[in-house]
Amino acid sequence: MKIQLSDHFTYKRLIRFVFPSIIMMICTSMYSIIDGLFISNFAGKTAFAAVNLILPVAMGVGAIGFMIGSGGSAIVAKTLGEGKKEKANEYFSMLIFTALIGATILSIFGFIFIRQICMALGARGQLLEYASTYGRIMFVSQPMFMMQTIFYNFFITAEKPSYSLRMSLISGVINIVFDYLFIGVMHYGVAGAAVATAMGEYVGGLVPLIYFARKNNSSRLRLVKPVWRKDILLKTCLNGSSEFMTNASSSVVNMLYNTQLMRLAGADGVAAYGVIMYANFIFAAIYLGYSMGSAPITSYNYGAGNHSELKNMLKKSLSLIAVTGVCLTLISEFFAHPLINIFVGYDADLFAMTLHGFRLYAFVFLINGFNIWASSFFTALNNGVVSGMIAFLRTLLFQIGCIMLLPLVLGLNGIWMGVVVAEMLTLIVTIYFLRSRRKVYHY
């Protein structure tokens with residue numbers, strides 16, 4: 001049964017609609033995890049640390065894709081809700097071509113200056129060589145990675161969420177198969193991991209581009225001759241500022257984490273943090289997928305003036321996130337040992353450090369889902385200011401403060417607890433904005 005944005009969403013219908021987005025985000029997060037798994041076990045912990053050192057740079061550049069995808073889909077979905085299909089396609093096309101050109105320019109700069117970037121992050125010797133190799137190949141595929149993240153959002157707006165899932169699965173399988181061949185069989189190390197990831201990203205970026213370029217693609221959106229609209233581009237950036245802030249500042253914060261860990265625990269600390277981040281990628285992907293999948297519903301009903309459905313989305317979203325948070329926290333505590341053993345079971349000291357850190361960090365999953373969803377909710381309501389404020393406080397200001405101050409009191413434990421404290425502080429702000437804006441949007 002086809003589910004439309006204009007439908008009334010029961011729990012069952014809502015879960016069915018967002019489920020492909022959740023699985024898609026989990027599959028997307030698996031790219032770096034699969035690389036890390038093969039690299040750690042076949043190339044060693046120095047190569048593993050190198051990938052984790054440079055990965056935040058890729059995510060920082062890719063943040064532009066998340067910004068255009070989330071901010072642009074909110075505008076396009078709202079325009080569709082207003083009954084203006086031609087305008088929606090013009091906005092969609094302009095955003096895609098603008099993003100593709102911008103991503104290509106950024107990738108050229110990244111490719112040229114990757115070694116200097118790695119040195120600025122503190123890489124030296126073999127760590128520098130590994131990080132530079134991985135980063136250079138990574139920038140070759142960066143435009144397609146950005147296209148991939150943008151199209152994931154627009155597939156949902158086009159009422160084709162299952163297409164996002166299919167593309168994610170195909171890209172993920174390509175990545176896994178060639179990781180095994182290039183790293184496990186041919187022993188190409190970090191270069192093999194980077195090429196495998198790039199191959200998956202090219203498929204994930206090019207195939208949707210071809211699909212939306214077809215006139216008879218069976219969706220509500222297609223690429224047409226773009227009409228330059230500076231105001232729409234600026235509004236897209238403002239609407240998607242929270243997603244940009246979340247991803248860009250996460251990259252900055254991860255670099256800061258790595259710097260602090262290099263000082264307190266050396267390369268082992270960076271490797272331990274990398275394993276913890278892999279688990280975080282998967283669990284946060286559930287919240288991100290739900291937020292991405294439900295956002296077009298909110299935008300459409302906001303554009304249509306359907307206040308009762310906005311109230312319905314708020315109530316059901318908060319309930320689902322609360323239940324999910326409890327489940328994820330329990331899972332992470334019970335399965336921490338076998339999960340970490342997969343990555344660093346070969347090194348007893350590194351294993352012990354990672355296990356201790358992860359069990360402290362895991363309490364964040366009780367809280368962060370509310371903050372992730374609320375930021376996306378206000379993006380969907382076309383309120384980029386509030387959305388950006390939540391994201392800025394959550395991913396940058398509070399985290400930097402905690403990372404710098406807590407280790408002075410708690411030592412290495414302060415690093416693991418930093419995100420938990422930052423999310424708790426953000427939750428207070430989230431509750432304030434949800435309560436203070438309820439009469440403005442009638443949710």
# chains A, B, ... in the order shown; residues from 1 in each chain; ligands from 1

$ residues_around --residues "Ser294 of chain A" --least-positions-apart "4" --cutoff "7 Å" --atoms "only C-alpha atoms" --output "JSON, numbers by chain"
{"A": [18, 290, 298]}

$ closest_atom_pairs --of "segment 340-403 of chain A" --to "segment 414-433 of chain A" --cutoff "8 Å" --atoms "only C-alpha atoms" --output "CSV"
residue,atom,partner,partner_atom,distance
A:Gly357,CA,A:Trp416,CA,5.4
A:Phe358,CA,A:Trp416,CA,7.3
A:Leu360,CA,A:Trp416,CA,6.1
A:Tyr361,CA,A:Trp416,CA,5.3
A:Phe363,CA,A:Val420,CA,6.5
A:Val364,CA,A:Val420,CA,4.8
A:Ile367,CA,A:Glu423,CA,6.4
A:Asn368,CA,A:Glu423,CA,5.9
A:Phe370,CA,A:Leu427,CA,7.3
A:Asn371,CA,A:Leu427,CA,6.1
A:Ala374,CA,A:Thr430,CA,6.7
A:Val386,CA,A:Phe433,CA,7.4
A:Ile390,CA,A:Thr430,CA,6.6
A:Leu393,CA,A:Thr426,CA,6.4
A:Arg394,CA,A:Thr426,CA,5.4
A:Phe398,CA,A:Ala422,CA,5.0
A:Gln399,CA,A:Ala422,CA,5.3
A:Cys402,CA,A:Gly418,CA,4.9
A:Ile403,CA,A:Gly418,CA,5.5

$ write_last_selection --atoms "all heavy atoms" --output "short mmCIF file (atom, residue, chain, number, x, y, z; two decimals), in the first residue's frame"
data_model
loop_
_atom_site.label_atom_id
_atom_site.label_comp_id
_atom_site.auth_asym_id
_atom_site.auth_seq_id
_atom_site.Cartn_x
_atom_site.Cartn_y
_atom_site.Cartn_z
N GLY A 357 35.56 3.07 28.29
CA GLY A 357 35.07 4.32 27.71
C GLY A 357 33.69 4.18 27.12
O GLY A 357 32.83 5.06 27.28
N PHE A 358 33.44 3.05 26.46
CA PHE A 358 32.14 2.86 25.80
C PHE A 358 31.01 2.75 26.82
O PHE A 358 29.91 3.26 26.60
CB PHE A 358 32.18 1.61 24.92
CG PHE A 358 30.91 1.36 24.17
CD1 PHE A 358 30.50 2.23 23.16
CD2 PHE A 358 30.11 0.27 24.46
CE1 PHE A 358 29.32 2.00 22.47
CE2 PHE A 358 28.93 0.03 23.77
CZ PHE A 358 28.54 0.90 22.77
N LEU A 360 30.76 4.18 29.67
CA LEU A 360 30.44 5.51 30.16
C LEU A 360 29.71 6.32 29.08
O LEU A 360 28.73 7.01 29.36
CB LEU A 360 31.72 6.24 30.58
CG LEU A 360 32.46 5.70 31.82
CD1 LEU A 360 33.75 6.47 32.03
CD2 LEU A 360 31.57 5.79 33.05
N TYR A 361 30.19 6.21 27.86
CA TYR A 361 29.63 6.97 26.74
C TYR A 361 28.19 6.54 26.42
O TYR A 361 27.37 7.36 25.98
CB TYR A 361 30.51 6.75 25.51
CG TYR A 361 30.14 7.57 24.30
CD1 TYR A 361 30.80 8.77 24.03
CD2 TYR A 361 29.16 7.15 23.41
CE1 TYR A 361 30.48 9.52 22.91
CE2 TYR A 361 28.82 7.89 22.29
CZ TYR A 361 29.49 9.08 22.05
OH TYR A 361 29.15 9.82 20.95
N PHE A 363 25.48 6.07 27.92
CA PHE A 363 24.32 6.74 28.50
C PHE A 363 23.81 7.88 27.62
O PHE A 363 22.70 8.37 27.81
CB PHE A 363 24.68 7.28 29.89
CG PHE A 363 24.84 6.20 30.92
CD1 PHE A 363 26.10 5.80 31.33
CD2 PHE A 363 23.73 5.55 31.45
CE1 PHE A 363 26.26 4.78 32.27
CE2 PHE A 363 23.87 4.53 32.40
CZ PHE A 363 25.15 4.14 32.81
N VAL A 364 24.60 8.28 26.64
CA VAL A 364 24.17 9.36 25.75
C VAL A 364 22.96 8.96 24.92
O VAL A 364 22.15 9.81 24.52
CB VAL A 364 25.34 9.78 24.82
CG1 VAL A 364 25.55 8.78 23.69
CG2 VAL A 364 25.10 11.16 24.25
N ILE A 367 19.44 10.18 25.68
CA ILE A 367 19.12 11.61 25.58
C ILE A 367 19.17 12.13 24.15
O ILE A 367 18.30 12.90 23.73
CB ILE A 367 20.12 12.43 26.44
CG1 ILE A 367 20.21 11.85 27.85
CG2 ILE A 367 19.73 13.91 26.48
CD1 ILE A 367 21.41 12.34 28.62
N ASN A 368 20.21 11.73 23.39
CA ASN A 368 20.50 12.45 22.15
C ASN A 368 19.42 12.33 21.08
O ASN A 368 19.32 13.17 20.20
CB ASN A 368 21.87 12.06 21.59
CG ASN A 368 21.95 10.61 21.16
OD1 ASN A 368 21.09 9.80 21.51
ND2 ASN A 368 22.99 10.26 20.43
N PHE A 370 16.22 12.82 21.36
CA PHE A 370 15.30 13.95 21.45
C PHE A 370 15.91 15.19 20.80
O PHE A 370 15.22 15.93 20.09
CB PHE A 370 14.97 14.25 22.92
CG PHE A 370 14.21 13.16 23.60
CD1 PHE A 370 14.85 12.31 24.49
CD2 PHE A 370 12.86 12.97 23.35
CE1 PHE A 370 14.14 11.29 25.13
CE2 PHE A 370 12.15 11.96 23.97
CZ PHE A 370 12.79 11.11 24.87
N ASN A 371 17.20 15.41 21.02
CA ASN A 371 17.85 16.60 20.46
C ASN A 371 18.02 16.50 18.95
O ASN A 371 17.82 17.49 18.23
CB ASN A 371 19.22 16.79 21.13
CG ASN A 371 19.11 17.05 22.62
OD1 ASN A 371 18.16 17.67 23.08
ND2 ASN A 371 20.07 16.56 23.39
N ALA A 374 14.44 16.98 17.45
CA ALA A 374 13.91 18.34 17.61
C ALA A 374 14.56 19.30 16.61
O ALA A 374 13.89 20.16 16.03
CB ALA A 374 14.13 18.84 19.03
N VAL A 386 15.95 28.33 15.01
CA VAL A 386 15.83 27.48 16.19
C VAL A 386 16.55 26.15 15.97
O VAL A 386 17.27 25.66 16.85
CB VAL A 386 14.33 27.22 16.52
CG1 VAL A 386 14.21 26.16 17.61
CG2 VAL A 386 13.68 28.51 16.97
N ILE A 390 19.78 24.77 18.30
CA ILE A 390 19.87 23.48 18.99
C ILE A 390 21.12 22.73 18.54
O ILE A 390 21.88 22.19 19.35
CB ILE A 390 18.61 22.64 18.73
CG1 ILE A 390 17.38 23.29 19.36
CG2 ILE A 390 18.79 21.22 19.27
CD1 ILE A 390 16.06 22.62 19.01
N LEU A 393 24.47 24.45 19.85
CA LEU A 393 24.73 24.19 21.26
C LEU A 393 25.09 22.72 21.49
O LEU A 393 26.02 22.41 22.24
CB LEU A 393 23.50 24.56 22.09
CG LEU A 393 23.13 26.05 22.13
CD1 LEU A 393 21.81 26.26 22.86
CD2 LEU A 393 24.25 26.86 22.79
N ARG A 394 24.36 21.84 20.81
CA ARG A 394 24.55 20.41 21.04
C ARG A 394 25.90 19.91 20.53
O ARG A 394 26.62 19.18 21.22
CB ARG A 394 23.42 19.64 20.34
CG ARG A 394 23.62 18.15 20.32
CD ARG A 394 22.49 17.41 19.62
NE ARG A 394 22.87 16.03 19.45
CZ ARG A 394 23.34 15.49 18.32
NH1 ARG A 394 23.42 16.24 17.23
NH2 ARG A 394 23.69 14.23 18.27
N PHE A 398 28.53 23.25 23.69
CA PHE A 398 28.51 22.43 24.91
C PHE A 398 29.57 21.33 24.86
O PHE A 398 30.22 21.04 25.87
CB PHE A 398 27.12 21.80 25.11
CG PHE A 398 26.07 22.79 25.53
CD1 PHE A 398 24.73 22.55 25.26
CD2 PHE A 398 26.40 23.96 26.19
CE1 PHE A 398 23.74 23.45 25.64
CE2 PHE A 398 25.42 24.87 26.58
CZ PHE A 398 24.08 24.62 26.31
N GLN A 399 29.75 20.73 23.69
CA GLN A 399 30.74 19.64 23.60
C GLN A 399 32.17 20.15 23.77
O GLN A 399 32.97 19.54 24.48
CB GLN A 399 30.60 18.90 22.27
CG GLN A 399 29.45 17.92 22.25
CD GLN A 399 29.65 16.81 21.23
OE1 GLN A 399 30.70 16.19 21.18
NE2 GLN A 399 28.63 16.55 20.44
N CYS A 402 32.76 20.86 27.39
CA CYS A 402 32.91 19.64 28.18
C CYS A 402 34.24 18.94 27.91
O CYS A 402 34.90 18.43 28.82
CB CYS A 402 31.76 18.68 27.89
SG CYS A 402 30.16 19.26 28.53
N ILE A 403 34.64 18.90 26.63
CA ILE A 403 35.90 18.23 26.28
C ILE A 403 37.09 18.95 26.90
O ILE A 403 38.06 18.32 27.32
CB ILE A 403 36.07 18.19 24.75
CG1 ILE A 403 34.99 17.31 24.13
CG2 ILE A 403 37.44 17.63 24.37
CD1 ILE A 403 34.89 17.45 22.63
#

$ residues_around --residues "segment 245-258 of chain A" --least-positions-apart "3" --cutoff "9 Å" --atoms "only C-alpha atoms" --output "VMD selection string"
chain A and resid 52 to 64 66 to 67 121 240 to 242 261 to 263 267 269 to 270 273 372 388 391 to 392 394 to 396 399 to 400 403 to 404 415

$ write_last_selection --atoms "C-alpha atoms" --output "short mmCIF file (atom, residue, chain, number, x, y, z; two decimals), in the first residue's frame"
data_model
loop_
_atom_site.label_atom_id
_atom_site.label_comp_id
_atom_site.auth_asym_id
_atom_site.auth_seq_id
_atom_site.Cartn_x
_atom_site.Cartn_y
_atom_site.Cartn_z
CA ASN A 52 39.84 7.76 12.27
CA LEU A 53 42.07 10.83 12.23
CA ILE A 54 41.12 11.88 8.68
CA LEU A 55 37.50 10.68 8.62
CA PRO A 56 36.14 13.80 10.40
CA VAL A 57 37.53 15.92 7.55
CA ALA A 58 35.43 13.99 5.02
CA MET A 59 32.34 14.31 7.18
CA GLY A 60 32.99 18.03 7.59
CA VAL A 61 33.01 18.60 3.83
CA GLY A 62 30.06 16.25 3.40
CA ALA A 63 28.09 18.40 5.87
CA ILE A 64 27.19 20.66 2.95
CA PHE A 66 23.33 17.18 4.60
CA MET A 67 22.52 20.90 4.73
CA LEU A 121 45.83 17.29 12.77
CA GLY A 240 19.60 23.15 6.75
CA SER A 241 21.96 25.07 8.99
CA SER A 242 21.29 22.68 11.87
CA LEU A 261 43.28 11.73 23.34
CA MET A 262 46.68 11.93 21.66
CA ARG A 263 47.79 14.03 24.64
CA ALA A 267 47.42 6.60 19.37
CA GLY A 269 43.25 6.66 22.70
CA VAL A 270 42.43 7.68 19.12
CA TYR A 273 37.57 6.60 20.40
CA ILE A 372 18.52 15.12 17.01
CA GLY A 388 20.51 25.79 14.05
CA ALA A 391 22.50 21.99 16.69
CA PHE A 392 25.10 24.66 17.52
CA ARG A 394 24.55 20.41 21.04
CA THR A 395 27.39 19.65 18.66
CA LEU A 396 29.77 22.55 19.19
CA GLN A 399 30.74 19.64 23.60
CA ILE A 400 33.83 21.81 23.28
CA ILE A 403 35.90 18.23 26.28
CA MET A 404 38.15 21.04 27.51
CA ILE A 415 36.59 12.56 27.56
#

$ residues_around --residues "Leu206 of chain A" --least-positions-apart "5" --cutoff "9 Å" --atoms "only C-alpha atoms" --output "VMD selection string"
chain A and resid 144 147 to 148 201 211

$ atom_distance --atom1 "atom CA of Ala279 of chain A" --atom2 "atom CA of Gly345 of chain A"
15.5 Å

$ closest_residue --among "A:Met313, A:His337, A:Lys235, A:Ala158" --to "Arg13 of chain A" --atoms "only C-alpha atoms"
A:Met313

$ residues_around --residues "Ala295 of chain A" --least-positions-apart "2" --cutoff "12 Å" --atoms "only C-alpha atoms" --output "short mmCIF file (atom, residue, chain, number, x, y, z; two decimals) with N, CA, C and O atoms, in the first residue's frame"
data_model
loop_
_atom_site.label_atom_id
_atom_site.label_comp_id
_atom_site.auth_asym_id
_atom_site.auth_seq_id
_atom_site.Cartn_x
_atom_site.Cartn_y
_atom_site.Cartn_z
N LEU A 5 2.33 11.64 1.77
CA LEU A 5 2.59 12.65 2.80
C LEU A 5 1.30 13.22 3.36
O LEU A 5 1.28 13.70 4.51
N LEU A 14 3.44 5.28 10.34
CA LEU A 14 4.63 6.12 10.51
C LEU A 14 5.90 5.28 10.50
O LEU A 14 6.88 5.62 9.83
N PHE A 17 6.70 4.09 7.07
CA PHE A 17 7.20 5.14 6.18
C PHE A 17 8.65 5.49 6.48
O PHE A 17 9.45 5.72 5.57
N VAL A 18 9.01 5.55 7.76
CA VAL A 18 10.37 5.97 8.13
C VAL A 18 11.35 4.82 8.17
O VAL A 18 12.57 5.04 8.16
N SER A 21 14.24 4.77 5.71
CA SER A 21 15.21 5.83 5.99
C SER A 21 16.14 5.42 7.12
O SER A 21 17.35 5.72 7.10
N GLY A 69 20.42 18.79 1.46
CA GLY A 69 19.41 17.74 1.43
C GLY A 69 18.27 17.99 2.40
O GLY A 69 17.10 17.93 2.01
N SER A 70 18.59 18.30 3.64
CA SER A 70 17.54 18.50 4.65
C SER A 70 16.84 19.83 4.47
O SER A 70 15.60 19.91 4.47
N GLY A 71 17.62 20.91 4.28
CA GLY A 71 17.02 22.23 4.11
C GLY A 71 16.24 22.34 2.82
O GLY A 71 15.14 22.92 2.79
N GLY A 72 16.78 21.77 1.74
CA GLY A 72 16.10 21.84 0.46
C GLY A 72 14.85 20.98 0.40
O GLY A 72 13.83 21.38 -0.16
N SER A 73 14.91 19.79 1.00
CA SER A 73 13.73 18.92 0.98
C SER A 73 12.59 19.52 1.79
O SER A 73 11.41 19.32 1.46
N ALA A 74 12.92 20.28 2.85
CA ALA A 74 11.88 20.96 3.63
C ALA A 74 11.15 21.98 2.77
O ALA A 74 9.92 22.08 2.79
N ILE A 75 11.91 22.74 1.98
CA ILE A 75 11.30 23.74 1.10
C ILE A 75 10.49 23.08 -0.01
O ILE A 75 9.36 23.48 -0.31
N VAL A 76 11.07 22.04 -0.63
CA VAL A 76 10.39 21.37 -1.73
C VAL A 76 9.11 20.68 -1.24
O VAL A 76 8.06 20.75 -1.89
N ALA A 77 9.17 20.03 -0.07
CA ALA A 77 7.98 19.36 0.47
C ALA A 77 6.90 20.38 0.82
O ALA A 77 5.71 20.15 0.56
N LYS A 78 7.30 21.50 1.38
CA LYS A 78 6.33 22.56 1.71
C LYS A 78 5.69 23.10 0.43
O LYS A 78 4.48 23.35 0.38
N ASN A 153 17.52 12.37 1.04
CA ASN A 153 16.45 13.23 1.53
C ASN A 153 15.35 13.41 0.48
O ASN A 153 14.16 13.34 0.79
N PHE A 154 15.75 13.65 -0.77
CA PHE A 154 14.76 13.95 -1.80
C PHE A 154 13.97 12.71 -2.25
O PHE A 154 12.85 12.84 -2.73
N ILE A 156 12.75 10.65 -0.18
CA ILE A 156 11.65 10.63 0.79
C ILE A 156 10.60 11.67 0.42
O ILE A 156 9.40 11.40 0.45
N THR A 157 11.04 12.87 0.06
CA THR A 157 10.12 13.92 -0.37
C THR A 157 9.34 13.50 -1.61
O THR A 157 8.17 13.86 -1.78
N ASN A 239 17.60 26.85 6.44
CA ASN A 239 16.81 25.71 6.93
C ASN A 239 17.70 24.54 7.31
O ASN A 239 17.44 23.85 8.30
N GLY A 240 18.71 24.29 6.50
CA GLY A 240 19.60 23.15 6.75
C GLY A 240 20.80 23.47 7.60
O GLY A 240 21.71 22.64 7.73
N TYR A 287 18.21 7.42 14.97
CA TYR A 287 17.55 8.71 15.22
C TYR A 287 17.59 9.60 13.98
O TYR A 287 16.60 10.27 13.65
N LEU A 288 18.74 9.60 13.31
CA LEU A 288 18.86 10.43 12.11
C LEU A 288 17.92 9.94 11.01
O LEU A 288 17.29 10.74 10.31
N GLY A 289 17.82 8.62 10.86
CA GLY A 289 16.93 8.06 9.86
C GLY A 289 15.48 8.37 10.14
O GLY A 289 14.72 8.72 9.23
N TYR A 290 15.10 8.27 11.43
CA TYR A 290 13.72 8.61 11.78
C TYR A 290 13.45 10.08 11.51
O TYR A 290 12.40 10.45 10.95
N SER A 291 14.39 10.93 11.90
CA SER A 291 14.22 12.38 11.70
C SER A 291 14.13 12.72 10.22
O SER A 291 13.28 13.52 9.80
N MET A 292 14.99 12.11 9.42
CA MET A 292 14.98 12.36 7.98
C MET A 292 13.69 11.86 7.35
O MET A 292 13.09 12.52 6.50
N GLY A 293 13.25 10.68 7.77
CA GLY A 293 12.05 10.09 7.18
C GLY A 293 10.77 10.81 7.56
O GLY A 293 9.82 10.87 6.76
N ILE A 297 6.97 14.74 6.17
CA ILE A 297 5.58 14.69 6.63
C ILE A 297 5.25 15.98 7.36
O ILE A 297 4.20 16.60 7.13
N THR A 298 6.15 16.41 8.23
CA THR A 298 5.96 17.66 8.97
C THR A 298 5.91 18.85 8.03
O THR A 298 5.03 19.71 8.14
N SER A 299 6.85 18.91 7.08
CA SER A 299 6.89 20.04 6.14
C SER A 299 5.63 20.11 5.29
O SER A 299 5.06 21.18 5.08
N TYR A 300 5.19 18.96 4.80
CA TYR A 300 3.99 18.91 3.95
C TYR A 300 2.78 19.42 4.72
O TYR A 300 2.00 20.26 4.22
N ASN A 301 2.57 18.93 5.93
CA ASN A 301 1.41 19.32 6.72
C ASN A 301 1.50 20.76 7.22
O ASN A 301 0.48 21.42 7.38
N TYR A 302 2.72 21.24 7.40
CA TYR A 302 2.90 22.65 7.74
C TYR A 302 2.49 23.52 6.55
O TYR A 302 1.77 24.51 6.70
N LEU A 310 0.23 17.84 12.68
CA LEU A 310 1.47 18.28 13.33
C LEU A 310 1.48 17.84 14.79
O LEU A 310 2.50 17.37 15.31
N MET A 313 2.20 14.13 14.87
CA MET A 313 3.60 13.81 14.64
C MET A 313 4.45 14.08 15.88
O MET A 313 5.37 13.31 16.21
N LEU A 314 4.18 15.17 16.57
CA LEU A 314 4.93 15.51 17.79
C LEU A 314 4.75 14.42 18.85
O LEU A 314 5.74 13.91 19.41
N SER A 317 6.28 10.99 17.75
CA SER A 317 7.74 11.04 17.66
C SER A 317 8.39 10.99 19.04
O SER A 317 9.36 10.25 19.26
N ILE A 372 18.38 15.32 18.46
CA ILE A 372 18.52 15.12 17.01
C ILE A 372 17.18 15.35 16.31
O ILE A 372 17.09 16.06 15.31
N TRP A 373 16.12 14.74 16.87
CA TRP A 373 14.80 14.87 16.24
C TRP A 373 14.29 16.30 16.31
O TRP A 373 13.74 16.82 15.32
N ALA A 374 14.44 16.98 17.45
CA ALA A 374 13.91 18.34 17.61
C ALA A 374 14.56 19.30 16.61
O ALA A 374 13.89 20.16 16.03
N SER A 375 15.86 19.16 16.40
CA SER A 375 16.54 20.00 15.42
C SER A 375 15.97 19.78 14.03
O SER A 375 15.69 20.73 13.29
N SER A 376 15.75 18.52 13.67
CA SER A 376 15.17 18.20 12.36
C SER A 376 13.72 18.67 12.27
O SER A 376 13.27 19.11 11.21
N PHE A 377 12.99 18.59 13.37
CA PHE A 377 11.58 19.00 13.41
C PHE A 377 11.44 20.49 13.07
O PHE A 377 10.59 20.88 12.26
N PHE A 378 12.32 21.32 13.64
CA PHE A 378 12.25 22.75 13.36
C PHE A 378 12.76 23.07 11.95
O PHE A 378 12.31 24.02 11.32
N THR A 379 13.70 22.26 11.44
CA THR A 379 14.09 22.40 10.04
C THR A 379 12.90 22.15 9.13
O THR A 379 12.64 22.88 8.18
N ALA A 380 12.14 21.09 9.45
CA ALA A 380 10.95 20.75 8.66
C ALA A 380 9.90 21.84 8.72
O ALA A 380 9.13 22.04 7.76
N LEU A 381 9.85 22.58 9.83
CA LEU A 381 8.92 23.70 9.97
C LEU A 381 9.46 24.98 9.34
O LEU A 381 8.89 26.06 9.50
N ASN A 382 10.60 24.85 8.65
CA ASN A 382 11.25 25.98 7.96
C ASN A 382 11.75 27.04 8.95
O ASN A 382 11.83 28.22 8.63
#

$ atom_distance --atom1 "atom CA of Ser107 of chain A" --atom2 "atom CA of Phe139 of chain A"
5.2 Å

$ atom_distance --atom1 "atom CA of Arg438 of chain A" --atom2 "atom CA of Leu234 of chain A"
25.6 Å

$ closest_residue --among "A:Met24, A:Ala49, A:Met277, A:Ile108" --to "Leu127 of chain A" --atoms "only C-alpha atoms"
A:Ala49

$ residues_around --residues "Gln126 of chain A" --least-positions-apart "4" --cutoff "9 Å" --atoms "only C-alpha atoms" --output "list in words"
Thr46, Ala47, Ala50, Tyr130 and Ala131 of chain A

$ closest_residue --among "A:Pro296, A:Gly325, A:Gly274, A:Pro208" --to "Met353 of chain A" --atoms "only C-alpha atoms"
A:Gly274

$ select_by_dssp --residues "segment 138-307 of chain A" --states "alpha helix (DSSP H)" --output "PyMOL selection string"
chain A and resi 138-140+142-157+161-179+189-213+230-239+241-304+307

$ residues_around --residues "Thr329 of chain A" --least-positions-apart "2" --cutoff "9 Å" --atoms "only C-alpha atoms" --output "PyMOL selection string"
chain A and resi 324-327+331-334+362-366
